[in-house]
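Coordinates as given in query16.txt (compact mmCIF, C-alpha atoms and all ligand atoms):
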```
# COMPACT_ATOMS: atom_id res chain seq x y z
CA MET K 1 0.00 0.00 0.00
CA SER K 2 1.30 3.51 -0.79
CA GLU K 3 2.28 5.83 2.06
CA THR K 4 -0.62 8.23 1.40
CA ARG K 5 -3.14 5.37 1.32
CA GLU K 6 -1.71 3.84 4.49
CA PHE K 7 -1.98 7.25 6.19
CA LEU K 8 -5.57 7.82 5.06
CA THR K 9 -6.57 4.31 6.17
CA ALA K 10 -5.06 5.02 9.60
CA PHE K 11 -6.95 8.34 9.75
CA LEU K 12 -10.26 6.62 8.95
CA ARG K 13 -9.56 3.93 11.57
CA ARG K 14 -8.40 6.29 14.34
CA PRO K 15 -9.20 9.95 13.50
CA THR K 16 -8.78 10.98 17.14
CA THR K 17 -5.12 9.95 17.28
CA MET K 18 -4.03 10.75 13.70
CA GLY K 19 -5.25 14.36 13.47
CA ALA K 20 -4.38 14.76 9.76
CA VAL K 21 -5.59 13.23 6.50
CA ALA K 22 -2.25 13.33 4.66
CA PRO K 23 1.40 12.90 5.59
CA SER K 24 3.58 16.01 5.91
CA SER K 25 5.29 17.19 2.73
CA ALA K 26 9.07 16.96 2.27
CA ARG K 27 9.13 20.78 2.46
CA LEU K 28 7.50 20.78 5.91
CA GLY K 29 9.71 17.84 6.93
CA ALA K 30 12.81 19.85 6.00
CA VAL K 31 11.81 22.72 8.31
CA LEU K 32 10.98 20.30 11.13
CA ALA K 33 14.30 18.49 10.66
CA SER K 34 16.34 21.70 10.46
CA VAL K 35 17.40 21.23 14.12
CA VAL K 36 18.79 17.72 13.52
CA PRO K 37 22.58 17.84 13.96
CA THR K 38 24.48 16.82 10.84
CA ALA K 39 27.54 15.88 12.93
CA GLY K 40 28.19 14.94 16.56
CA PRO K 41 30.43 16.88 18.92
CA GLY K 42 33.88 17.18 17.34
CA GLY K 43 32.53 15.73 14.10
CA ARG K 44 31.84 12.31 15.67
CA GLY K 45 28.61 10.46 14.93
CA ASN K 46 27.46 10.63 18.52
CA VAL K 47 23.96 12.06 17.90
CA THR K 48 20.53 10.95 19.14
CA VAL K 49 17.24 12.32 17.84
CA VAL K 50 13.72 11.33 18.84
CA GLU K 51 10.67 11.63 16.65
CA LEU K 52 7.21 11.66 18.22
CA GLY K 53 4.20 10.54 16.16
CA PRO K 54 6.09 9.49 12.99
CA GLY K 55 2.94 8.11 11.32
CA THR K 56 3.97 6.63 7.98
CA GLY K 57 7.48 8.09 8.25
CA ALA K 58 7.30 11.07 5.86
CA VAL K 59 9.34 13.22 8.26
CA SER K 60 11.50 10.25 9.36
CA ALA K 61 12.89 10.08 5.83
CA VAL K 62 13.97 13.74 5.89
CA ILE K 63 15.54 13.36 9.33
CA ALA K 64 17.45 10.25 8.21
CA GLU K 65 18.96 12.16 5.27
CA ARG K 66 20.53 14.72 7.65
CA LEU K 67 21.83 12.38 10.33
CA PRO K 68 25.52 11.48 10.47
CA ALA K 69 26.57 7.82 10.31
CA GLY K 70 26.15 6.02 13.63
CA ALA K 71 23.45 8.38 14.92
CA ARG K 72 20.42 7.01 16.75
CA HIS K 73 16.96 7.88 15.44
CA LEU K 74 14.14 6.66 17.67
CA ALA K 75 10.53 7.07 16.58
CA VAL K 76 7.80 6.80 19.24
CA GLU K 77 4.43 5.84 17.75
CA LEU K 78 1.17 4.92 19.53
CA ASP K 79 -0.77 3.27 16.68
CA PRO K 80 0.20 -0.42 16.32
CA ALA K 81 -0.63 -0.43 12.59
CA MET K 82 1.71 2.53 11.99
CA VAL K 83 4.37 0.78 14.08
CA ALA K 84 4.08 -2.36 11.91
CA TYR K 85 4.16 -0.26 8.70
CA LEU K 86 7.28 1.65 9.84
CA ARG K 87 9.08 -1.55 10.87
CA ARG K 88 8.38 -2.99 7.41
CA SER K 89 9.16 0.14 5.36
CA ARG K 90 12.00 1.76 7.36
CA PRO K 91 14.19 -0.98 8.84
CA ASP K 92 16.90 1.54 9.82
CA LEU K 93 14.52 3.40 12.14
CA GLU K 94 14.39 2.41 15.85
CA VAL K 95 10.61 2.24 16.12
CA VAL K 96 9.31 2.37 19.70
CA HIS K 97 5.69 1.34 20.23
CA GLY K 98 4.54 3.64 23.02
CA ASP K 99 2.91 6.83 24.19
CA ALA K 100 4.74 10.17 24.08
CA ARG K 101 3.32 10.81 27.55
CA GLN K 102 5.79 8.19 28.82
CA LEU K 103 8.75 9.52 26.83
CA GLY K 104 11.21 9.58 29.75
CA ALA K 105 10.49 5.95 30.69
CA LEU K 106 10.69 4.84 27.03
CA LEU K 107 14.06 6.54 26.58
CA ALA K 108 15.39 4.93 29.77
CA GLU K 109 14.19 1.49 28.54
CA HIS K 110 16.15 2.05 25.33
CA GLY K 111 19.31 3.21 27.09
CA VAL K 112 19.08 6.83 25.88
CA GLU K 113 20.71 9.33 28.25
CA HIS K 114 21.10 12.35 25.99
CA VAL K 115 18.81 13.70 23.26
CA ASP K 116 19.97 16.32 20.75
CA ALA K 117 16.59 17.01 19.18
CA VAL K 118 12.92 16.02 19.44
CA ILE K 119 10.99 16.30 16.17
CA CYS K 120 7.32 16.04 16.78
CA GLY K 121 4.31 15.29 14.56
CA LEU K 122 1.82 14.78 17.38
CA PRO K 123 -1.74 16.09 16.84
CA TRP K 124 -1.63 18.74 19.59
CA ALA K 125 -5.10 20.05 18.70
CA LEU K 126 -6.62 16.70 19.75
CA PHE K 127 -5.03 16.71 23.21
CA ASP K 128 -6.53 18.35 26.28
CA ASP K 129 -4.49 20.92 28.22
CA THR K 130 -3.29 18.36 30.79
CA THR K 131 -2.00 15.98 28.11
CA GLN K 132 -0.26 18.84 26.27
CA THR K 133 1.44 19.94 29.49
CA GLU K 134 2.47 16.37 30.40
CA ILE K 135 4.02 15.71 26.98
CA LEU K 136 5.77 19.09 26.89
CA ALA K 137 7.26 18.35 30.33
CA GLU K 138 8.59 15.01 29.03
CA ILE K 139 10.06 16.72 25.95
CA SER K 140 11.63 19.43 28.11
CA ARG K 141 13.33 16.83 30.32
CA ALA K 142 14.55 14.97 27.22
CA ILE K 143 16.18 17.96 25.47
CA GLY K 144 17.49 19.62 28.65
CA THR K 145 19.34 22.91 28.26
CA THR K 146 21.22 21.99 25.07
CA GLY K 147 18.69 20.30 22.76
CA ALA K 148 16.00 21.57 20.42
CA PHE K 149 12.36 20.66 19.83
CA THR K 150 10.29 21.27 16.71
CA THR K 151 6.63 20.70 16.03
CA PHE K 152 4.10 21.96 13.49
CA ALA K 153 0.64 23.49 13.39
CA TYR K 154 -1.77 24.12 10.54
CA LEU K 155 -2.22 27.73 9.47
CA HIS K 156 -6.03 27.60 9.40
CA GLY K 157 -6.01 26.32 13.00
CA MET K 158 -4.74 29.68 14.25
CA ALA K 159 -8.28 31.02 13.88
CA LEU K 160 -9.16 28.82 16.86
CA GLY K 161 -8.59 29.71 20.48
CA ALA K 162 -7.13 26.26 21.22
CA ALA K 163 -4.25 26.81 18.78
CA ARG K 164 -3.50 30.23 20.24
CA ARG K 165 -3.58 28.70 23.75
CA PHE K 166 -1.12 26.05 22.61
CA ARG K 167 1.25 28.76 21.35
CA ALA K 168 0.98 30.47 24.75
CA THR K 169 1.67 27.12 26.47
CA LEU K 170 4.82 26.71 24.35
CA ARG K 171 5.95 30.21 25.30
CA GLY K 172 5.32 29.39 28.96
CA THR K 173 7.33 26.16 28.68
CA PHE K 174 10.38 27.29 26.66
CA GLN K 175 12.51 30.42 26.85
CA GLU K 176 12.94 30.44 23.08
CA VAL K 177 10.02 29.79 20.70
CA LEU K 178 10.58 30.69 17.04
CA VAL K 179 7.80 30.52 14.46
CA SER K 180 8.83 29.59 10.91
CA ALA K 181 7.50 31.07 7.70
CA THR K 182 4.37 29.35 6.38
CA VAL K 183 5.08 26.21 4.40
CA TRP K 184 2.56 26.58 1.58
CA ARG K 185 3.64 23.34 -0.07
CA ASN K 186 1.86 21.18 2.46
CA VAL K 187 -1.72 19.98 2.66
CA PRO K 188 -2.94 22.00 4.45
CA PRO K 189 -0.36 24.84 4.73
CA ALA K 190 1.48 24.72 8.03
CA PHE K 191 4.27 26.34 10.04
CA VAL K 192 6.84 25.07 12.51
CA TYR K 193 7.62 26.00 16.10
CA VAL K 194 11.31 25.74 17.01
CA CYS K 195 11.72 25.62 20.78
CA ARG K 196 14.81 25.62 23.03
CA ARG K 197 15.80 26.06 26.68
CA PRO K 198 12.90 24.80 28.80
CA ARG K 199 11.99 27.12 31.64
CA THR K 200 12.82 25.58 35.00
C1 LIG K 301 -0.65 13.99 12.26
S1 LIG K 301 0.09 12.37 12.32
C2 LIG K 301 1.75 12.89 11.87
C3 LIG K 301 2.52 11.86 11.11
C4 LIG K 301 3.87 12.32 10.54
N1 LIG K 301 4.76 12.85 11.56
C5 LIG K 301 3.69 13.37 9.45
O1 LIG K 301 3.92 14.56 9.74
O2 LIG K 301 3.31 13.00 8.34
C6 LIG K 301 0.16 12.11 14.08
C7 LIG K 301 0.79 10.79 14.53
O3 LIG K 301 0.93 10.83 15.95
C8 LIG K 301 0.58 9.55 16.49
N2 LIG K 301 0.22 9.75 17.91
C9 LIG K 301 -0.92 10.33 18.39
N3 LIG K 301 -0.87 10.38 19.74
C10 LIG K 301 0.33 9.84 20.12
C11 LIG K 301 0.97 9.64 21.38
N4 LIG K 301 0.36 9.99 22.52
N5 LIG K 301 2.20 9.07 21.39
C12 LIG K 301 2.82 8.71 20.23
N6 LIG K 301 2.26 8.87 19.00
C13 LIG K 301 1.03 9.43 18.94
C14 LIG K 301 -0.56 9.10 15.60
O4 LIG K 301 -0.79 7.70 15.69
C15 LIG K 301 -0.05 9.56 14.21
O5 LIG K 301 0.74 8.56 13.62
```

Rewrite the structure from the file as structure tokens, please.
Amino acid sequence: MSETREFLTAFLRRPTTMGAVAPSSARLGAVLASVVPTAGPGGRGNVTVVELGPGTGAVSAVIAERLPAGARHLAVELDPAMVAYLRRSRPDLEVVHGDARQLGALLAEHGVEHVDAVICGLPWALFDDTTQTEILAEISRAIGTTGAFTTFAYLHGMALGAARRFRATLRGTFQEVLVSATVWRNVPPAFVYVCRRPRT
């Protein structure tokens, strides 16, 4: 099955966890992945990135292109069908079947002590405030003072109070929150938040 069809099938099966009808475009993926280090400290391959909600792996592919040899790329996905699809289609990806709300425990289980970047495709608009805060706390602990976190939102969503509240929550959680230019080559058009330095 093609990636788009697999994605749409997953959306029809579980609309409340997918939150989108089509995978992200390569253009949006490139902005999300812009924080992925292309080399480890001193040029070594000692890099770990974590992707949350990889879906069919559209963004995973863009991340993988940037990563240096020997880097770890873990992808945490809740939907078992997406997990099976990713394990079949992207054997190089370390697919973790789990909930982003338990990110810290999942990373510990997989022996991860340091994370350079969290790239996130989670459907924030479908989460209540408590879930958003819980997941952002897990992400903050994972990236610490040196890492970066990116996530995206759809442009049309900004007409809704919930999306504006989420932006305020991000600004309350991180000292630095940058908003990218709109990525028009995505269905629907979207933009990326680039966040660093969690507030203590
Ligand atoms: C909008 S799709 C994004 C897929 C992909 N990153 C992209 O941009 O094309 C959201 C994905 O997040 C997953 N997801 C939703 N809630 C999750 C959670 N609590 N933990 C991990 N994955 C979750 C869904 O199963 C789905 O695959």

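Distance check against ligand LIG 301 (chain K) using all atoms listed in the file: of K:Thr56, K:Ser89, K:Thr200, K:Thr145, the minimum falls on K:Thr56.
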
Produce a table with one row for each residue of chain K that has an atom at most 9 Å from any atom of ligand LIG 301 (chain K), each row naming the nearest atom pair and its distance in Å at one decimal; use only C-alpha atoms and all ligand atoms; arrange rows by chain and rising residue number; format as CSV.
```
residue,atom,partner,partner_atom,distance
K:Phe7,CA,K:LIG301,O5,8.0
K:Ala10,CA,K:LIG301,O5,7.9
K:Phe11,CA,K:LIG301,C15,8.3
K:Arg14,CA,K:LIG301,O4,7.9
K:Pro15,CA,K:LIG301,C14,8.9
K:Thr16,CA,K:LIG301,C9,8.0
K:Thr17,CA,K:LIG301,C9,4.4
K:Met18,CA,K:LIG301,C15,4.2
K:Gly19,CA,K:LIG301,C1,4.8
K:Ala20,CA,K:LIG301,C1,4.6
K:Val21,CA,K:LIG301,C1,7.6
K:Ala22,CA,K:LIG301,O2,6.7
K:Pro23,CA,K:LIG301,O2,3.3
K:Ser24,CA,K:LIG301,O2,3.9
K:Ser25,CA,K:LIG301,O2,7.3
K:Leu28,CA,K:LIG301,O1,8.1
K:Gly29,CA,K:LIG301,O1,7.2
K:Glu51,CA,K:LIG301,N1,7.9
K:Leu52,CA,K:LIG301,C12,5.7
K:Gly53,CA,K:LIG301,O3,3.3
K:Pro54,CA,K:LIG301,N1,3.9
K:Gly55,CA,K:LIG301,O5,3.2
K:Thr56,CA,K:LIG301,C4,6.2
K:Gly57,CA,K:LIG301,C4,6.0
K:Ala58,CA,K:LIG301,O2,5.1
K:Val59,CA,K:LIG301,N1,5.7
K:Ser60,CA,K:LIG301,N1,7.6
K:Ala75,CA,K:LIG301,C12,8.7
K:Val76,CA,K:LIG301,C12,5.4
K:Glu77,CA,K:LIG301,N6,3.9
K:Leu78,CA,K:LIG301,N6,4.1
K:Asp79,CA,K:LIG301,O4,4.5
K:Pro80,CA,K:LIG301,O4,8.2
K:Ala81,CA,K:LIG301,O4,8.7
K:Met82,CA,K:LIG301,O5,6.3
K:Val83,CA,K:LIG301,O5,8.6
K:His97,CA,K:LIG301,C12,7.9
K:Gly98,CA,K:LIG301,C12,6.0
K:Asp99,CA,K:LIG301,N5,3.7
K:Ala100,CA,K:LIG301,N5,3.9
K:Arg101,CA,K:LIG301,N4,5.9
K:Gln102,CA,K:LIG301,N5,8.3
K:Leu103,CA,K:LIG301,N5,8.5
K:Ile119,CA,K:LIG301,N1,8.5
K:Cys120,CA,K:LIG301,N1,6.6
K:Gly121,CA,K:LIG301,N1,3.9
K:Leu122,CA,K:LIG301,O3,4.3
K:Pro123,CA,K:LIG301,C1,5.2
K:Trp124,CA,K:LIG301,N3,8.4
K:Leu126,CA,K:LIG301,N3,8.5
K:Phe127,CA,K:LIG301,N3,8.3
K:Thr131,CA,K:LIG301,N4,8.5
K:Ile135,CA,K:LIG301,N4,8.1
K:Phe152,CA,K:LIG301,O1,8.3
```

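Note that atom CA of Leu86 of chain K and atom CA of Arg141 of chain K are 26.2 Å apart.
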
Using Å and a single decimal, report how far atom CA of Val177 of chain K sits from atom CA of His114 of chain K. 21.3 Å

Sort by chain and increasing residue number a table of all residues of segment 104-123 of chain K within 12 Å of segment 66-73 of chain K, each with its closest pair of atoms and their distance in Å to one decimal, counting all atoms listed in the file, and write it as CSV.
```
residue,atom,partner,partner_atom,distance
K:Leu107,CA,K:His73,CA,11.6
K:His110,CA,K:Arg72,CA,10.8
K:Gly111,CA,K:Arg72,CA,11.1
K:Val112,CA,K:Arg72,CA,9.2
K:Glu113,CA,K:Arg72,CA,11.7
K:His114,CA,K:Arg72,CA,10.7
K:Val115,CA,K:Arg72,CA,9.5
K:Asp116,CA,K:Arg72,CA,10.1
K:Ala117,CA,K:His73,CA,9.9
K:Val118,CA,K:His73,CA,9.9
K:Ile119,CA,K:His73,CA,10.3
```

Will you model N, CA, C and O atoms for segment 34-55 of chain K and pass it back as a short mmCIF file (atom, residue, chain, number, x, y, z; two decimals), keeping the file's coordinate frame?
```
data_model
loop_
_atom_site.label_atom_id
_atom_site.label_comp_id
_atom_site.auth_asym_id
_atom_site.auth_seq_id
_atom_site.Cartn_x
_atom_site.Cartn_y
_atom_site.Cartn_z
N SER K 34 15.22 20.75 10.55
CA SER K 34 16.34 21.70 10.46
C SER K 34 17.18 21.72 11.74
O SER K 34 18.32 22.18 11.72
N VAL K 35 16.64 21.23 12.86
CA VAL K 35 17.40 21.23 14.12
C VAL K 35 18.19 19.94 14.32
O VAL K 35 18.88 19.79 15.32
N VAL K 36 18.08 19.01 13.38
CA VAL K 36 18.79 17.72 13.52
C VAL K 36 20.27 17.95 13.24
O VAL K 36 20.63 18.46 12.16
N PRO K 37 21.15 17.62 14.20
CA PRO K 37 22.58 17.84 13.96
C PRO K 37 23.07 16.99 12.79
O PRO K 37 22.67 15.84 12.64
N THR K 38 23.92 17.58 11.96
CA THR K 38 24.48 16.82 10.84
C THR K 38 25.82 16.19 11.23
O THR K 38 26.40 15.44 10.45
N ALA K 39 26.32 16.51 12.42
CA ALA K 39 27.54 15.88 12.93
C ALA K 39 27.48 15.92 14.45
O ALA K 39 26.82 16.79 15.03
N GLY K 40 28.13 14.95 15.09
CA GLY K 40 28.19 14.94 16.56
C GLY K 40 29.25 15.91 17.04
O GLY K 40 29.93 16.55 16.24
N PRO K 41 29.39 16.00 18.37
CA PRO K 41 30.43 16.88 18.92
C PRO K 41 31.79 16.50 18.36
O PRO K 41 32.11 15.30 18.30
N GLY K 42 32.55 17.46 17.89
CA GLY K 42 33.88 17.18 17.34
C GLY K 42 33.81 16.39 16.05
O GLY K 42 34.76 15.71 15.68
N GLY K 43 32.65 16.43 15.38
CA GLY K 43 32.53 15.73 14.10
C GLY K 43 32.24 14.25 14.24
O GLY K 43 32.08 13.54 13.25
N ARG K 44 32.13 13.73 15.50
CA ARG K 44 31.84 12.31 15.67
C ARG K 44 30.35 12.06 15.43
O ARG K 44 29.54 12.97 15.45
N GLY K 45 30.00 10.79 15.25
CA GLY K 45 28.61 10.46 14.93
C GLY K 45 27.72 10.26 16.15
O GLY K 45 26.70 9.61 16.08
N ASN K 46 28.11 10.89 17.25
CA ASN K 46 27.46 10.63 18.52
C ASN K 46 26.20 11.50 18.70
O ASN K 46 26.18 12.41 19.51
N VAL K 47 25.15 11.21 17.93
CA VAL K 47 23.96 12.06 17.90
C VAL K 47 22.73 11.17 18.15
O VAL K 47 22.67 10.06 17.63
N THR K 48 21.79 11.68 18.95
CA THR K 48 20.53 10.95 19.14
C THR K 48 19.36 11.91 18.91
O THR K 48 19.31 12.98 19.53
N VAL K 49 18.45 11.53 18.02
CA VAL K 49 17.24 12.32 17.84
C VAL K 49 16.03 11.42 18.08
O VAL K 49 16.08 10.21 17.87
N VAL K 50 14.95 12.06 18.55
CA VAL K 50 13.72 11.33 18.84
C VAL K 50 12.60 11.98 18.06
O VAL K 50 12.45 13.20 18.07
N GLU K 51 11.83 11.15 17.39
CA GLU K 51 10.67 11.63 16.65
C GLU K 51 9.42 11.16 17.39
O GLU K 51 9.35 9.99 17.79
N LEU K 52 8.46 12.05 17.55
CA LEU K 52 7.21 11.66 18.22
C LEU K 52 6.08 11.69 17.19
O LEU K 52 5.91 12.68 16.49
N GLY K 53 5.30 10.61 17.11
CA GLY K 53 4.20 10.54 16.16
C GLY K 53 4.69 10.50 14.72
O GLY K 53 4.30 11.35 13.90
N PRO K 54 5.54 9.54 14.36
CA PRO K 54 6.09 9.49 12.99
C PRO K 54 5.08 9.10 11.92
O PRO K 54 5.32 9.36 10.74
N GLY K 55 3.95 8.50 12.32
CA GLY K 55 2.94 8.11 11.32
C GLY K 55 3.54 7.17 10.31
O GLY K 55 4.14 6.13 10.65
#
```
